[in-house]
file upload35.csv (CSV, C-alpha atoms and all ligand atoms)
chain,number,residue,atom,x,y,z
V,671,MET,CA,-26.6,5.4,-33.0
V,672,GLY,CA,-26.6,3.0,-30.1
V,673,LYS,CA,-29.6,1.1,-28.8
V,674,PRO,CA,-32.1,3.3,-26.9
V,675,ILE,CA,-31.5,3.2,-23.2
V,676,ARG,CA,-33.8,0.6,-21.6
V,677,PHE,CA,-36.0,1.6,-18.7
V,678,MET,CA,-34.3,0.6,-15.6
V,679,LYS,CA,-36.4,-0.8,-12.8
V,680,ASN,CA,-34.9,1.5,-10.3
V,681,GLN,CA,-33.7,4.1,-12.9
V,682,GLY,CA,-30.1,3.0,-12.2
V,683,ARG,CA,-30.0,4.4,-8.7
V,684,ASP,CA,-27.5,2.8,-6.5
V,685,ILE,CA,-28.9,4.5,-3.5
V,686,GLU,CA,-32.6,5.1,-3.0
V,687,GLY,CA,-33.3,8.8,-3.7
V,688,ALA,CA,-29.8,9.5,-5.0
V,689,MET,CA,-29.4,10.9,-8.5
V,690,THR,CA,-28.2,8.6,-11.3
V,691,ILE,CA,-25.0,9.7,-13.1
V,692,LYS,CA,-27.1,10.9,-16.0
V,693,GLU,CA,-29.2,13.1,-13.7
V,694,THR,CA,-26.1,14.3,-11.9
V,695,PHE,CA,-24.7,15.7,-15.1
V,696,GLU,CA,-28.1,17.2,-16.1
V,697,LYS,CA,-28.5,19.0,-12.8
V,698,LYS,CA,-25.0,19.8,-11.7
V,699,LYS,CA,-22.0,21.4,-13.4
V,700,PRO,CA,-19.3,20.6,-12.6
V,701,ALA,CA,-19.9,17.1,-11.1
V,702,ILE,CA,-17.1,16.1,-8.7
V,703,SER,CA,-15.8,12.6,-8.4
V,704,PHE,CA,-12.9,10.8,-6.8
V,705,GLU,CA,-11.0,7.7,-7.9
V,706,ILE,CA,-9.4,5.2,-5.4
V,707,PHE,CA,-7.7,1.9,-5.9
V,708,PRO,CA,-8.0,-1.3,-3.8
V,709,PRO,CA,-5.0,-1.6,-1.5
V,710,LYS,CA,-2.8,-4.5,-2.4
V,711,ARG,CA,-1.9,-5.8,1.1
V,712,ASP,CA,-4.7,-4.4,3.3
V,713,THR,CA,-7.0,-7.5,3.3
V,714,THR,CA,-9.3,-6.1,6.0
V,715,LEU,CA,-9.8,-2.9,4.0
V,716,ALA,CA,-9.3,-0.9,7.3
V,717,ASN,CA,-7.1,1.7,5.6
V,718,ILE,CA,-9.7,2.2,2.8
V,719,ASP,CA,-12.2,2.9,5.5
V,720,GLU,CA,-10.1,5.8,6.8
V,721,THR,CA,-9.7,7.1,3.3
V,722,LEU,CA,-13.5,6.8,2.6
V,723,GLU,CA,-14.3,8.4,5.9
V,724,ILE,CA,-12.6,11.6,4.7
V,725,LEU,CA,-13.6,11.5,1.1
V,726,SER,CA,-17.2,10.9,1.8
V,727,ALA,CA,-17.4,13.9,4.1
V,728,LEU,CA,-16.6,16.0,1.0
V,729,HIS,CA,-19.8,14.7,-0.6
V,730,PRO,CA,-18.5,13.9,-4.1
V,731,ASP,CA,-21.1,12.9,-6.7
V,732,PHE,CA,-19.5,9.5,-7.0
V,733,ILE,CA,-16.4,7.6,-6.2
V,734,SER,CA,-14.8,5.2,-8.7
V,735,VAL,CA,-12.7,2.1,-7.8
V,736,THR,CA,-10.1,0.8,-10.1
V,737,PHE,CA,-9.9,-2.9,-11.3
V,738,GLY,CA,-6.9,-5.1,-12.1
V,739,ALA,CA,-6.1,-5.7,-15.7
V,740,GLY,CA,-5.8,-9.4,-15.2
V,741,GLY,CA,-3.9,-11.9,-13.2
V,742,SER,CA,-4.7,-9.8,-10.2
V,743,SER,CA,-6.4,-10.9,-7.0
V,744,THR,CA,-7.7,-7.5,-6.1
V,745,ASN,CA,-10.8,-7.4,-8.2
V,746,ASN,CA,-13.0,-8.9,-5.6
V,747,LYS,CA,-11.8,-6.0,-3.4
V,748,THR,CA,-13.0,-3.6,-6.1
V,749,ILE,CA,-16.5,-4.8,-5.7
V,750,ALA,CA,-16.3,-5.1,-1.9
V,751,ILE,CA,-15.1,-1.4,-1.7
V,752,ALA,CA,-17.8,-0.3,-4.1
V,753,LYS,CA,-20.3,-1.9,-1.8
V,754,LYS,CA,-18.8,-0.1,1.2
V,755,ILE,CA,-19.0,3.2,-0.7
V,756,LYS,CA,-22.6,2.6,-1.3
V,757,ASN,CA,-23.8,1.0,1.9
V,758,THR,CA,-21.6,2.5,4.6
V,759,TYR,CA,-21.0,6.0,3.1
V,760,GLY,CA,-24.1,6.5,1.0
V,761,ILE,CA,-22.2,7.6,-2.1
V,762,THR,CA,-22.7,6.3,-5.6
V,763,PRO,CA,-19.9,4.0,-6.6
V,764,ILE,CA,-18.5,3.4,-10.1
V,765,VAL,CA,-16.8,0.0,-10.6
V,766,HIS,CA,-14.0,0.0,-13.2
V,767,MET,CA,-14.0,-3.2,-15.2
V,768,THR,CA,-11.3,-4.3,-17.7
V,769,CYS,CA,-11.9,-6.9,-20.3
V,770,LEU,CA,-8.8,-7.8,-22.3
V,771,ASN,CA,-7.7,-10.6,-20.0
V,772,TYR,CA,-11.2,-11.9,-19.0
V,773,THR,CA,-13.6,-14.3,-20.6
V,774,LYS,CA,-17.3,-13.5,-21.1
V,775,ASN,CA,-18.2,-15.9,-18.3
V,776,GLU,CA,-15.8,-14.1,-15.9
V,777,ILE,CA,-17.3,-10.7,-16.8
V,778,LEU,CA,-20.8,-12.2,-16.4
V,779,SER,CA,-20.0,-13.3,-12.9
V,780,PHE,CA,-18.6,-9.8,-12.0
V,781,LEU,CA,-21.8,-8.3,-13.4
V,782,GLU,CA,-23.9,-10.8,-11.4
V,783,GLU,CA,-22.2,-9.8,-8.2
V,784,LEU,CA,-22.9,-6.1,-9.0
V,785,LYS,CA,-26.5,-6.9,-9.6
V,786,GLN,CA,-26.8,-8.7,-6.3
V,787,ASP,CA,-25.2,-5.7,-4.6
V,788,ASP,CA,-27.5,-3.2,-6.4
V,789,ILE,CA,-24.6,-1.5,-8.0
V,790,HIS,CA,-25.4,0.0,-11.4
V,791,ASN,CA,-22.4,1.9,-12.6
V,792,VAL,CA,-19.5,0.5,-14.5
V,793,LEU,CA,-16.5,2.2,-16.2
V,794,ALA,CA,-16.0,-0.2,-19.1
V,795,LEU,CA,-12.3,-0.5,-20.0
V,796,ARG,CA,-10.1,-2.5,-22.3
V,797,GLY,CA,-7.1,-2.6,-19.8
V,798,ASP,CA,-3.5,-2.2,-20.7
V,799,LYS,CA,-1.7,-4.9,-22.7
V,800,ASN,CA,0.6,-6.7,-20.4
V,801,PRO,CA,3.1,-9.3,-21.9
V,802,GLN,CA,2.8,-11.3,-18.6
V,803,PHE,CA,-0.8,-12.1,-19.4
V,804,GLU,CA,-2.2,-13.7,-22.5
V,805,PRO,CA,-5.3,-11.8,-23.6
V,806,LYS,CA,-8.4,-14.1,-23.5
V,807,LYS,CA,-9.4,-12.8,-27.0
V,808,GLU,CA,-13.1,-12.7,-26.1
V,809,PHE,CA,-13.0,-8.9,-25.9
V,810,ASN,CA,-10.6,-6.7,-28.0
V,811,TYR,CA,-11.7,-3.2,-27.1
V,812,ALA,CA,-13.7,-1.4,-24.4
V,813,THR,CA,-16.5,-1.0,-26.9
V,814,ASP,CA,-16.9,-4.8,-27.0
V,815,LEU,CA,-17.3,-4.7,-23.2
V,816,VAL,CA,-19.8,-1.8,-23.4
V,817,LYS,CA,-22.0,-3.8,-25.8
V,818,PHE,CA,-21.7,-6.9,-23.6
V,819,ILE,CA,-22.7,-5.0,-20.5
V,820,ARG,CA,-25.7,-3.5,-22.3
V,821,GLU,CA,-26.8,-6.9,-23.3
V,822,ASN,CA,-26.4,-8.4,-19.9
V,823,GLY,CA,-27.9,-6.0,-17.4
V,824,GLU,CA,-29.2,-2.6,-16.6
V,825,PHE,CA,-26.2,-0.5,-16.0
V,826,GLU,CA,-25.1,3.0,-16.6
V,827,ILE,CA,-21.8,2.7,-18.5
V,828,SER,CA,-18.9,5.1,-18.5
V,829,GLY,CA,-15.8,5.0,-20.7
V,830,ALA,CA,-12.3,6.4,-20.8
V,831,CYS,CA,-11.0,9.0,-23.1
V,832,TYR,CA,-7.6,10.5,-23.9
V,833,PRO,CA,-7.0,14.3,-24.3
V,834,GLU,CA,-3.5,13.5,-25.7
V,835,CYS,CA,-4.7,10.5,-27.8
V,836,HIS,CA,-4.4,6.9,-26.7
V,837,PRO,CA,-0.9,5.7,-27.4
V,838,ASP,CA,-2.2,2.7,-29.4
V,839,SER,CA,-3.9,5.0,-31.9
V,840,LYS,CA,-2.1,5.9,-35.1
V,841,THR,CA,-3.9,9.2,-35.4
V,842,VAL,CA,-6.2,11.5,-33.4
V,843,VAL,CA,-8.9,11.0,-36.0
V,844,ASP,CA,-8.7,7.1,-35.4
V,845,ASP,CA,-8.9,7.7,-31.7
V,846,LEU,CA,-12.0,9.9,-32.0
V,847,ILE,CA,-13.7,7.5,-34.4
V,848,HIS,CA,-13.3,4.7,-31.9
V,849,LEU,CA,-14.4,6.9,-29.0
V,850,ARG,CA,-17.6,7.8,-30.9
V,851,GLU,CA,-18.1,4.0,-31.5
V,852,LYS,CA,-17.8,3.5,-27.7
V,853,VAL,CA,-20.4,6.2,-27.0
V,854,ASP,CA,-22.7,4.9,-29.7
V,855,ALA,CA,-22.4,1.4,-28.2
V,856,GLY,CA,-23.8,2.8,-24.9
V,857,ALA,CA,-21.2,4.7,-22.9
V,858,THR,CA,-23.1,7.6,-21.5
V,859,HIS,CA,-20.3,9.4,-19.7
V,860,LEU,CA,-16.6,9.7,-20.3
V,861,ILE,CA,-13.7,10.2,-17.9
V,862,SER,CA,-10.4,11.5,-19.2
V,863,GLN,CA,-6.9,10.4,-18.7
V,864,LEU,CA,-4.9,12.7,-16.5
V,865,PHE,CA,-3.4,15.7,-18.2
V,866,PHE,CA,-1.3,18.7,-17.0
V,867,ASP,CA,-2.1,21.2,-19.8
V,868,ASN,CA,-5.7,22.3,-19.9
V,869,GLU,CA,-5.3,23.6,-23.5
V,870,LEU,CA,-4.9,19.9,-24.6
V,871,PHE,CA,-8.2,19.0,-22.9
V,872,TYR,CA,-10.1,21.9,-24.5
V,873,GLU,CA,-8.8,21.0,-27.9
V,874,PHE,CA,-9.8,17.4,-27.4
V,875,GLU,CA,-13.2,18.3,-26.0
V,876,GLU,CA,-13.9,20.5,-29.1
V,877,LYS,CA,-12.9,17.7,-31.5
V,878,ALA,CA,-15.0,15.2,-29.6
V,879,ARG,CA,-18.0,17.5,-29.9
V,880,ILE,CA,-17.3,18.0,-33.6
V,881,ALA,CA,-17.2,14.2,-33.9
V,882,GLY,CA,-20.7,14.1,-32.5
V,883,ILE,CA,-19.8,12.9,-29.0
V,884,LYS,CA,-22.4,14.6,-26.8
V,885,VAL,CA,-22.1,12.8,-23.5
V,886,PRO,CA,-20.6,14.5,-20.4
V,887,ILE,CA,-16.8,14.5,-20.4
V,888,GLU,CA,-15.1,14.6,-17.0
V,889,ALA,CA,-11.6,16.0,-16.8
V,890,GLY,CA,-9.2,13.7,-15.0
V,891,ILE,CA,-6.9,15.6,-12.6
V,892,MET,CA,-4.0,14.1,-10.7
V,893,PRO,CA,-2.3,16.1,-8.0
V,894,VAL,CA,1.3,15.2,-8.1
V,895,ILE,CA,3.0,15.5,-4.8
V,896,ASN,CA,6.4,14.0,-5.4
V,897,LYS,CA,8.7,13.8,-8.3
V,898,ALA,CA,8.9,10.0,-8.5
V,899,GLN,CA,5.1,9.8,-8.8
V,900,ILE,CA,5.0,12.3,-11.6
V,901,GLU,CA,7.8,10.6,-13.6
V,902,ARG,CA,6.1,7.2,-13.2
V,903,MET,CA,2.7,8.6,-14.3
V,904,VAL,CA,4.1,10.4,-17.3
V,905,SER,CA,5.9,7.2,-18.4
V,906,ILE,CA,2.9,5.0,-17.9
V,907,CYS,CA,0.2,7.2,-19.5
V,908,GLY,CA,2.3,9.5,-21.8
V,909,ALA,CA,0.8,12.7,-20.5
V,910,SER,CA,3.0,15.7,-21.4
V,911,LEU,CA,4.5,18.0,-18.9
V,912,PRO,CA,4.1,21.7,-19.7
V,913,GLU,CA,7.3,23.7,-19.4
V,914,LYS,CA,6.0,25.8,-16.5
V,915,PHE,CA,5.2,22.7,-14.5
V,916,ARG,CA,8.5,21.1,-15.3
V,917,CYS,CA,10.3,24.2,-14.2
V,918,ILE,CA,8.4,24.2,-10.9
V,919,LEU,CA,9.2,20.5,-10.3
V,920,ASP,CA,12.9,21.1,-11.1
V,921,LYS,CA,13.0,24.0,-8.6
V,922,TYR,CA,11.4,22.1,-5.7
V,923,GLU,CA,12.5,18.5,-6.4
V,924,ASN,CA,14.5,18.3,-3.2
V,925,ASN,CA,12.1,20.1,-1.0
V,926,LYS,CA,9.4,17.5,-0.1
V,927,GLU,CA,7.0,20.0,1.7
V,928,ALA,CA,7.3,22.6,-1.0
V,929,LEU,CA,6.7,20.0,-3.8
V,930,PHE,CA,3.6,18.7,-1.9
V,931,ASP,CA,2.2,22.3,-1.8
V,932,VAL,CA,3.1,23.0,-5.4
V,933,GLY,CA,1.4,19.8,-6.6
V,934,ILE,CA,-1.8,20.8,-4.9
V,935,ILE,CA,-1.6,24.5,-6.1
V,936,TYR,CA,-1.0,23.3,-9.7
V,937,ALA,CA,-4.0,20.9,-9.5
V,938,VAL,CA,-6.2,23.7,-8.0
V,939,ASN,CA,-5.2,26.1,-10.7
V,940,GLN,CA,-6.1,23.5,-13.4
V,941,ILE,CA,-9.5,22.9,-11.8
V,942,VAL,CA,-10.3,26.6,-11.4
V,943,ASP,CA,-9.5,27.1,-15.1
V,944,LEU,CA,-11.6,24.1,-16.1
V,945,ILE,CA,-14.6,25.2,-14.1
V,946,ALA,CA,-14.3,28.7,-15.6
V,947,HIS,CA,-14.4,27.0,-19.0
V,948,GLY,CA,-17.6,25.2,-18.1
V,949,VAL,CA,-16.2,21.6,-17.8
V,950,ASP,CA,-18.9,18.9,-17.2
V,951,GLY,CA,-17.0,17.3,-14.3
V,952,ILE,CA,-13.8,17.0,-12.4
V,953,HIS,CA,-12.5,13.5,-11.6
V,954,ILE,CA,-9.7,13.6,-9.0
V,955,TYR,CA,-7.2,10.7,-9.1
V,956,THR,CA,-6.7,10.7,-5.3
V,957,MET,CA,-4.1,7.9,-5.2
V,958,ASN,CA,-5.8,7.0,-1.9
V,959,ASN,CA,-4.5,10.1,-0.3
V,960,PRO,CA,-7.6,11.8,1.1
V,961,ILE,CA,-5.6,14.6,2.7
V,962,VAL,CA,-4.7,15.8,-0.8
V,963,ALA,CA,-8.2,15.4,-2.0
V,964,LYS,CA,-9.5,17.4,1.0
V,965,ARG,CA,-7.0,20.2,0.5
V,966,ILE,CA,-8.1,20.5,-3.1
V,967,TYR,CA,-11.7,20.4,-2.2
V,968,ASP,CA,-11.3,23.1,0.4
V,969,GLU,CA,-9.8,25.4,-2.2
V,970,ILE,CA,-12.6,24.9,-4.7
V,971,LYS,CA,-15.7,24.2,-2.6
V,972,ASN,CA,-17.1,27.7,-3.2
V,973,LEU,CA,-16.8,27.3,-6.9
V,974,ILE,CA,-18.9,24.2,-7.3
Y,1,LIG,P1,-10.3,1.3,-25.7
Y,1,LIG,O1,-11.4,2.3,-25.7
Y,1,LIG,O2,-10.6,-0.1,-26.2
Y,1,LIG,O3,-9.1,2.0,-26.6
Y,1,LIG,C1,-7.8,1.4,-26.7
Y,1,LIG,C2,-7.2,1.7,-28.0
Y,1,LIG,O4,-7.9,0.9,-29.0
Y,1,LIG,C3,-7.4,3.1,-28.5
Y,1,LIG,O5,-6.2,3.5,-29.2
Y,1,LIG,C4,-8.6,3.1,-29.4
Y,1,LIG,O6,-8.6,4.2,-30.3
Y,1,LIG,C5,-8.4,1.8,-30.1
Y,1,LIG,N1,-9.6,1.2,-30.6
Y,1,LIG,C6,-10.8,1.1,-30.0
Y,1,LIG,N2,-11.7,0.4,-30.8
Y,1,LIG,C7,-11.0,0.0,-31.9
Y,1,LIG,C8,-11.4,-0.7,-33.0
Y,1,LIG,N3,-12.6,-1.2,-33.2
Y,1,LIG,N4,-10.4,-1.0,-34.0
Y,1,LIG,C9,-9.1,-0.5,-33.8
Y,1,LIG,N5,-8.8,0.2,-32.7
Y,1,LIG,C10,-9.7,0.5,-31.8
Y,1,LIG,N6,-6.7,0.2,-16.4
Y,1,LIG,C11,-6.9,-0.8,-15.5
Y,1,LIG,O7,-6.2,-1.9,-15.7
Y,1,LIG,N7,-7.7,-0.7,-14.5
Y,1,LIG,C12,-8.4,0.4,-14.2
Y,1,LIG,O8,-9.2,0.5,-13.3
Y,1,LIG,C13,-8.3,1.5,-15.1
Y,1,LIG,N8,-9.0,2.7,-14.9
Y,1,LIG,C14,-8.9,3.7,-15.8
Y,1,LIG,C15,-9.6,4.9,-15.7
Y,1,LIG,C16,-9.5,5.9,-16.6
Y,1,LIG,C17,-10.4,7.1,-16.4
Y,1,LIG,C18,-8.6,5.8,-17.7
Y,1,LIG,C19,-8.5,7.0,-18.6
Y,1,LIG,C20,-7.8,4.7,-17.8
Y,1,LIG,C21,-8.0,3.6,-17.0
Y,1,LIG,N9,-7.2,2.4,-17.1
Y,1,LIG,C22,-7.4,1.4,-16.2
Y,1,LIG,C23,-6.2,2.3,-18.2
Y,1,LIG,C24,-6.9,1.7,-19.5
Y,1,LIG,O9,-7.2,0.4,-19.2
Y,1,LIG,C25,-5.8,1.8,-20.6
Y,1,LIG,O10,-5.6,3.2,-20.9
Y,1,LIG,C26,-6.1,1.0,-21.8
Y,1,LIG,O11,-4.9,1.0,-22.6
Y,1,LIG,C27,-7.2,1.4,-22.7
Y,1,LIG,O12,-8.4,1.3,-22.2
Y,1,LIG,P2,-9.7,1.9,-22.9
Y,1,LIG,O13,-10.8,1.3,-22.2
Y,1,LIG,O14,-9.6,3.3,-23.1
Y,1,LIG,O15,-9.6,1.1,-24.3
call {"tool": "encode", "arguments": {"input": "upload35.csv", "output": "structure tokens"}}
result
Amino acid sequence: MGKPIRFMKNQGRDIEGAMTIKETFEKKKPAISFEIFPPKRDTTLANIDETLEILSALHPDFISVTFGAGGSSTNNKTIAIAKKIKNTYGITPIVHMTCLNYTKNEILSFLEELKQDDIHNVLALRGDKNPQFEPKKEFNYATDLVKFIRENGEFEISGACYPECHPDSKTVVDDLIHLREKVDAGATHLISQLFFDNELFYEFEEKARIAGIKVPIEAGIMPVINKAQIERMVSICGASLPEKFRCILDKYENNKEALFDVGIIYAVNQIVDLIAHGVDGIHIYTMNNPIVAKRIYDEIKNLI
């Protein structure tokens, strides 16, 4: 088992009076969260303000912000955006943090910044291997980062999980063993990689529970609104496309408006089914498109 959770001086609340992530999952099922990424060129973050304006009006339980895997200059924006989410919009932020291409000192300075900003939630990640960047070799896996964060602050730590198995794992069993290690090290909440076939998520969830993983598992849903996006996503993360979805995409690939609607309808259907199956939470990969997130939210708001 991991170390007992230390008492946090403000119980891990990013915002006075708001629930911690742990409390959210204890009190609410399903929790709803959104993911955004720091814009590459928008240095003033004006566009992200427009996005956050719409997303925050949907009152998600939290909003997570992605972090570069290394060699990227956007990580300071990740923390700046998390600060905005908390201070301007009153929503609990989760800061993604990758470790493969960072030293312990670099991670410490990110953590220091979070502490100064009173941000308590980190999604601890390994990051993808990228031949352009030499790993710093101070962290090999997300579990190393989870342990390091536990030793260096009072944070609620989340981790990633993979309904279709992480591509680096030789077997599903290996993947689950390492996921259990990540939870035992201190990850108290998991967010899944995107998937398009709910059955794969249910099978994974059952195996994770059998492996003794008891923390809440949020289902990652990505509404795909154009064919190029789906092809890119599938090639990056290896998610499989069910025949029925492939058939819909083929039928509407040259009809932009129809494909947009179909992507939303497909995501809504996935979410309705997940809620009916008692999922702990839904994490919507918004791709910084708040209109899509709002349309989905409007469809499911009476179910949550
Ligand atoms: P890990 O948990 O370390 O797992 C990686 C692989 O190593 C798995 O196969 C695992 O089984 C294996 N493994 C773990 N421990 C051991 C061990 N002790 N011995 C041998 N094998 C082991 N990337 C970004 O760059 N920025 C982001 O903001 C970002 N956000 C993400 C958010 C979510 C919800 C998800 C699902 C992914 C995100 N990613 C992000 C991508 C992520 O960085 C990659 O998927 C990466 O390849 C793995 O990261 P991880 O934290 O899951 O790694």
call {"tool": "residues_near_ligand", "arguments": {"input": "upload35.csv", "ligand": "ligand LIG 1 (chain Y)", "cutoff": "7 Å", "atoms": "only C-alpha atoms and all ligand atoms", "output": "MDAnalysis selection string"}}
result
chainID V and resid 735:739 766:768 794:799 810:813 829:832 836:839 844:846 848:849 852 861:863 890
call {"tool": "write_last_selection", "arguments": {"input": "upload35.csv", "atoms": "C-alpha atoms", "output": "PDB file, in the frame of the given file"}}
result
ATOM      1  CA  VAL V 735     -12.700   2.100  -7.800  1.00  0.00           C
ATOM      2  CA  THR V 736     -10.100   0.800 -10.100  1.00  0.00           C
ATOM      3  CA  PHE V 737      -9.900  -2.900 -11.300  1.00  0.00           C
ATOM      4  CA  GLY V 738      -6.900  -5.100 -12.100  1.00  0.00           C
ATOM      5  CA  ALA V 739      -6.100  -5.700 -15.700  1.00  0.00           C
ATOM      6  CA  HIS V 766     -14.000   0.000 -13.200  1.00  0.00           C
ATOM      7  CA  MET V 767     -14.000  -3.200 -15.200  1.00  0.00           C
ATOM      8  CA  THR V 768     -11.300  -4.300 -17.700  1.00  0.00           C
ATOM      9  CA  ALA V 794     -16.000  -0.200 -19.100  1.00  0.00           C
ATOM     10  CA  LEU V 795     -12.300  -0.500 -20.000  1.00  0.00           C
ATOM     11  CA  ARG V 796     -10.100  -2.500 -22.300  1.00  0.00           C
ATOM     12  CA  GLY V 797      -7.100  -2.600 -19.800  1.00  0.00           C
ATOM     13  CA  ASP V 798      -3.500  -2.200 -20.700  1.00  0.00           C
ATOM     14  CA  LYS V 799      -1.700  -4.900 -22.700  1.00  0.00           C
ATOM     15  CA  ASN V 810     -10.600  -6.700 -28.000  1.00  0.00           C
ATOM     16  CA  TYR V 811     -11.700  -3.200 -27.100  1.00  0.00           C
ATOM     17  CA  ALA V 812     -13.700  -1.400 -24.400  1.00  0.00           C
ATOM     18  CA  THR V 813     -16.500  -1.000 -26.900  1.00  0.00           C
ATOM     19  CA  GLY V 829     -15.800   5.000 -20.700  1.00  0.00           C
ATOM     20  CA  ALA V 830     -12.300   6.400 -20.800  1.00  0.00           C
ATOM     21  CA  CYS V 831     -11.000   9.000 -23.100  1.00  0.00           C
ATOM     22  CA  TYR V 832      -7.600  10.500 -23.900  1.00  0.00           C
ATOM     23  CA  HIS V 836      -4.400   6.900 -26.700  1.00  0.00           C
ATOM     24  CA  PRO V 837      -0.900   5.700 -27.400  1.00  0.00           C
ATOM     25  CA  ASP V 838      -2.200   2.700 -29.400  1.00  0.00           C
ATOM     26  CA  SER V 839      -3.900   5.000 -31.900  1.00  0.00           C
ATOM     27  CA  ASP V 844      -8.700   7.100 -35.400  1.00  0.00           C
ATOM     28  CA  ASP V 845      -8.900   7.700 -31.700  1.00  0.00           C
ATOM     29  CA  LEU V 846     -12.000   9.900 -32.000  1.00  0.00           C
ATOM     30  CA  HIS V 848     -13.300   4.700 -31.900  1.00  0.00           C
ATOM     31  CA  LEU V 849     -14.400   6.900 -29.000  1.00  0.00           C
ATOM     32  CA  LYS V 852     -17.800   3.500 -27.700  1.00  0.00           C
ATOM     33  CA  ILE V 861     -13.700  10.200 -17.900  1.00  0.00           C
ATOM     34  CA  SER V 862     -10.400  11.500 -19.200  1.00  0.00           C
ATOM     35  CA  GLN V 863      -6.900  10.400 -18.700  1.00  0.00           C
ATOM     36  CA  GLY V 890      -9.200  13.700 -15.000  1.00  0.00           C
TER      37      GLY V 890
END
call {"tool": "residues_near_point", "arguments": {"input": "upload35.csv", "point": "(0.3, 23.6, -3.8)", "cutoff": "12 Å", "atoms": "all atoms listed in the file", "output": "MDAnalysis selection string"}}
result
chainID V and resid 893:896 915 918:919 922 926:940 962:963 965:966 969
call {"tool": "write_last_selection", "arguments": {"input": "upload35.csv", "atoms": "C-alpha atoms", "output": "PDB file, in the coordinates of the input"}}
result
ATOM      1  CA  PRO V 893      -2.300  16.100  -8.000  1.00  0.00           C
ATOM      2  CA  VAL V 894       1.300  15.200  -8.100  1.00  0.00           C
ATOM      3  CA  ILE V 895       3.000  15.500  -4.800  1.00  0.00           C
ATOM      4  CA  ASN V 896       6.400  14.000  -5.400  1.00  0.00           C
ATOM      5  CA  PHE V 915       5.200  22.700 -14.500  1.00  0.00           C
ATOM      6  CA  ILE V 918       8.400  24.200 -10.900  1.00  0.00           C
ATOM      7  CA  LEU V 919       9.200  20.500 -10.300  1.00  0.00           C
ATOM      8  CA  TYR V 922      11.400  22.100  -5.700  1.00  0.00           C
ATOM      9  CA  LYS V 926       9.400  17.500  -0.100  1.00  0.00           C
ATOM     10  CA  GLU V 927       7.000  20.000   1.700  1.00  0.00           C
ATOM     11  CA  ALA V 928       7.300  22.600  -1.000  1.00  0.00           C
ATOM     12  CA  LEU V 929       6.700  20.000  -3.800  1.00  0.00           C
ATOM     13  CA  PHE V 930       3.600  18.700  -1.900  1.00  0.00           C
ATOM     14  CA  ASP V 931       2.200  22.300  -1.800  1.00  0.00           C
ATOM     15  CA  VAL V 932       3.100  23.000  -5.400  1.00  0.00           C
ATOM     16  CA  GLY V 933       1.400  19.800  -6.600  1.00  0.00           C
ATOM     17  CA  ILE V 934      -1.800  20.800  -4.900  1.00  0.00           C
ATOM     18  CA  ILE V 935      -1.600  24.500  -6.100  1.00  0.00           C
ATOM     19  CA  TYR V 936      -1.000  23.300  -9.700  1.00  0.00           C
ATOM     20  CA  ALA V 937      -4.000  20.900  -9.500  1.00  0.00           C
ATOM     21  CA  VAL V 938      -6.200  23.700  -8.000  1.00  0.00           C
ATOM     22  CA  ASN V 939      -5.200  26.100 -10.700  1.00  0.00           C
ATOM     23  CA  GLN V 940      -6.100  23.500 -13.400  1.00  0.00           C
ATOM     24  CA  VAL V 962      -4.700  15.800  -0.800  1.00  0.00           C
ATOM     25  CA  ALA V 963      -8.200  15.400  -2.000  1.00  0.00           C
ATOM     26  CA  ARG V 965      -7.000  20.200   0.500  1.00  0.00           C
ATOM     27  CA  ILE V 966      -8.100  20.500  -3.100  1.00  0.00           C
ATOM     28  CA  GLU V 969      -9.800  25.400  -2.200  1.00  0.00           C
TER      29      GLU V 969
END
call {"tool": "atom_distance", "arguments": {"input": "upload35.csv", "atom1": "CA of Arg850 (chain V)", "atom2": "CA of Leu815 (chain V)"}}
result
14.7 Å
call {"tool": "residues_around", "arguments": {"input": "upload35.csv", "residues": "Glu783 (chain V)", "least_positions_apart": "2", "cutoff": "12 Å", "atoms": "only C-alpha atoms", "output": "PyMOL selection string"}}
result
chain V and resi 745-746+748-750+752-753+765+776-781+785-790+823
call {"tool": "atom_distance", "arguments": {"input": "upload35.csv", "atom1": "CA of Glu834 (chain V)", "atom2": "CA of Glu869 (chain V)"}}
result
10.5 Å
call {"tool": "closest_atom_pairs", "arguments": {"input": "upload35.csv", "of": "region 886-913 of chain V", "to": "region 697-705 of chain V", "cutoff": "10 Å", "atoms": "all atoms listed in the file", "output": "tab-separated table"}}
result
residue	atom	partner	partner_atom	distance
V:Pro886	CA	V:Ala701	CA	9.7
V:Glu888	CA	V:Ala701	CA	8.0
V:Ala889	CA	V:Ile702	CA	9.8
V:Gly890	CA	V:Ser703	CA	9.4
V:Ile891	CA	V:Phe704	CA	9.6
V:Met892	CA	V:Glu705	CA	9.9
call {"tool": "atom_distance", "arguments": {"input": "upload35.csv", "atom1": "CA of Ile970 (chain V)", "atom2": "CA of Thr956 (chain V)"}}
result
15.4 Å
call {"tool": "closest_residue", "arguments": {"input": "upload35.csv", "among": "V:Lys971, V:His859, V:Lys921, V:Lys964", "to": "Val942 (chain V)", "atoms": "only C-alpha atoms"}}
result
V:Lys971
call {"tool": "closest_residue", "arguments": {"input": "upload35.csv", "among": "V:Ser734, V:Asn925, V:Thr762, V:Gln899", "to": "Pro708 (chain V)", "atoms": "only C-alpha atoms"}}
result
V:Ser734
